[in-house]
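So the structure is just underneath, and the comments pick up after that.
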Amino acid sequence: MFTKSQDWYDLVYDAQGKDYEVEAATFRQMLHARGVPREGPAGRPRLLDVACGTGRHLALLDDFDRVGVDLDPRMLERAAERCPDVVLVEGDMRTLDPGGLGAPFDAVSCLFSSIAYMHDVQSLSEAVRAMARCLRPGGVLAIEPFLEPGVVELGRPWAIFVDRPEIKIARMDVPRVEGRCLQLEFQYLIADADGVRHVHESHRIGLFTQAEIGSAIRAAGLDWSFVEPGLSGRGLHFGRRPD
């Protein structure tokens, strides 16, 4: 997980070109097209965003009554600054408490490939079941995947550069595969008013096939579909709880 880079997380993905505004607008349209109402029984439809990070998507989906969950309290601190009117809860996606989160929800999302922090099919299934339990009848689950096995270009170095007047950041890694997981050793070089420093951050990421995620969604009692290109080119899995 992003255990050391929370202060630069948004800067890095802005530099990569991630467009949260376009993604949020597209996601909203996709939810409504799948039956999520524009108004719920009590007003705005209800959205649970699992692994919400710094709250970039949540902030832009303000036509929903929103709850965000993340395992990292420092990510939630940044989300709280960005989304002061959103309920934010520290929690693991495998052990969500529907009652404590205020379920049921019209929609549950797990975006930006956060599902890949499950390292095997068992933990993937646990997370999908936990999210499905938070849906109302007719509610929609949306999961953005990461990469499938066999897609990673081994030995290819990757880098992202942040170039702002007040800070310079280089994030580099050379991915390797260990079994069904991708091991990323992010090496950050950061220069700011305090000087130049190096930070290392390790990420272990599960590689699942489209069929494996679809099977987990079906096993949770939901109707499954997969849409390409999704929000960022990786596609988007949908599960709908029967009425």
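Each chain in the structure tokens gets a letter, A, B and so on, in the order shown; residues start at 1 in every chain, and ligands are counted from 1 in the order they appear.
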
(request) Enumerate as number ranges by chain all residues of region 34-141 of chain A assigned to strand (DSSP E) by DSSP on the backbone, naming them with the chain letters and numbers the document uses. (result) A: 46-50, 65-70, 87-90, 105-110, 135-141

List as CSV every residue of region 6-43 of chain A that is in contact with region 169-182 of chain A, defined as an atom at most 9 Å from one of its atoms (using only C-alpha atoms), together with the nearest atom pair and the distance in Å rounded to one decimal, sorted by chain and then rising number.
residue,atom,partner,partner_atom,distance
A:Trp8,CA,A:Ile169,CA,8.4
A:Leu11,CA,A:Ile169,CA,8.8
A:Val12,CA,A:Ile169,CA,7.8

May I have the selected residues written with N, CA and C atoms, as a compact mmCIF listing (two decimals), in the first residue's frame?
# COMPACT_ATOMS: atom_id res chain seq x y z
N TRP A 8 2.54 12.82 -1.32
CA TRP A 8 2.83 13.10 -2.74
C TRP A 8 1.94 12.30 -3.66
N LEU A 11 0.09 14.32 -6.30
CA LEU A 11 1.03 14.95 -7.23
C LEU A 11 1.53 13.95 -8.26
N VAL A 12 1.83 12.73 -7.81
CA VAL A 12 2.37 11.72 -8.71
C VAL A 12 1.35 11.35 -9.78

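Here CA of Arg94 (chain A) and CA of Ile213 (chain A) stand 14.6 Å from one another.
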
(request) Name all residues at most 6 Å from region 32-46 of chain A (count only C-alpha atoms; drop same-chain ones fewer than 2 positions away) and give them as a ChimeraX atom specification. (result) /A:29-30,64-66,105-106

(request) Excluding Gly99 (chain A) and any residue of its chain fewer than 6 positions from it, enumerate the residues within 12 Å of it, using only C-alpha atoms, and give them as a list in words. (result) Phe105, Ala130, Arg133, Cys134 and Leu135 of chain A

(request) May I have the residues within 6 Å of Leu71 (chain A) as a list of chain:residue names, using only C-alpha atoms and disregarding those fewer than 2 positions away in the same chain? (result) A:Glu90, A:Gly91, A:Asp92

(request) For each of A:Ala103, A:Ile115, A:Leu189, A:Val199, take the minimum atom-to-atom distance to Asp70 (chain A), counting only C-alpha atoms, then give the residue where this is smallest. (result)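 Once distances to Asp70 (chain A) are computed over only C-alpha atoms, the minimum belongs to A:Ile115.
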
(request) Could you give me, as a ChimeraX atom specification, each residue of region 43-206 of chain A that DSSP assigns to helix (DSSP H, G or I) when run on this structure's backbone? (result) /A:56-60,73-82,93-95,98-101,114-117,121-132

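Closest to Leu58 (chain A) among A:Ser215, A:Ser109, A:Gln187, A:Thr3 is A:Ser109, based on only C-alpha atoms.
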
(request) Can you work out which one of A:Leu207, A:Leu48, A:Ile167, A:Ala79 has the shortest atom-to-atom distance to Phe146 (chain A), counting only C-alpha atoms? (result)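 Distance minimum relative to Phe146 (chain A) lands on A:Leu207.
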
(message) Here is a test: counting only C-alpha atoms, which residue of A:Pro149, A:Pro98, A:Gly17, A:Gly239 is nearest to Phe226 (chain A)?
(response)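 Closest candidate: A:Gly239.
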
(request) With a distance cut-off of 7 Å and only C-alpha atoms, select the neighbouring residues of Glu185 (chain A), excluding the residue or stretch itself and same-chain residues fewer than 4 positions from it, and output the selection as a ChimeraX atom specification. (result) /A:173,200-203

(request) Point out the residue among A:Thr95, A:Val89, A:Ala15, A:Phe112 with the least atom-to-atom distance to Arg56 (chain A), counting only C-alpha atoms. (result) A:Phe112

(message) Between A:Asp7, A:Pro104, A:Leu184, A:Pro229, which residue has the minimum interatomic distance to Gly138 (chain A), considering only C-alpha atoms?
(response) A:Pro104

(request) Give me the residues within 10 Å of Glu212 (chain A) as a ChimeraX atom specification, counting only C-alpha atoms and dropping any in the same chain fewer than 3 places off. (result) /A:121,124-125,148,207-209,215-218
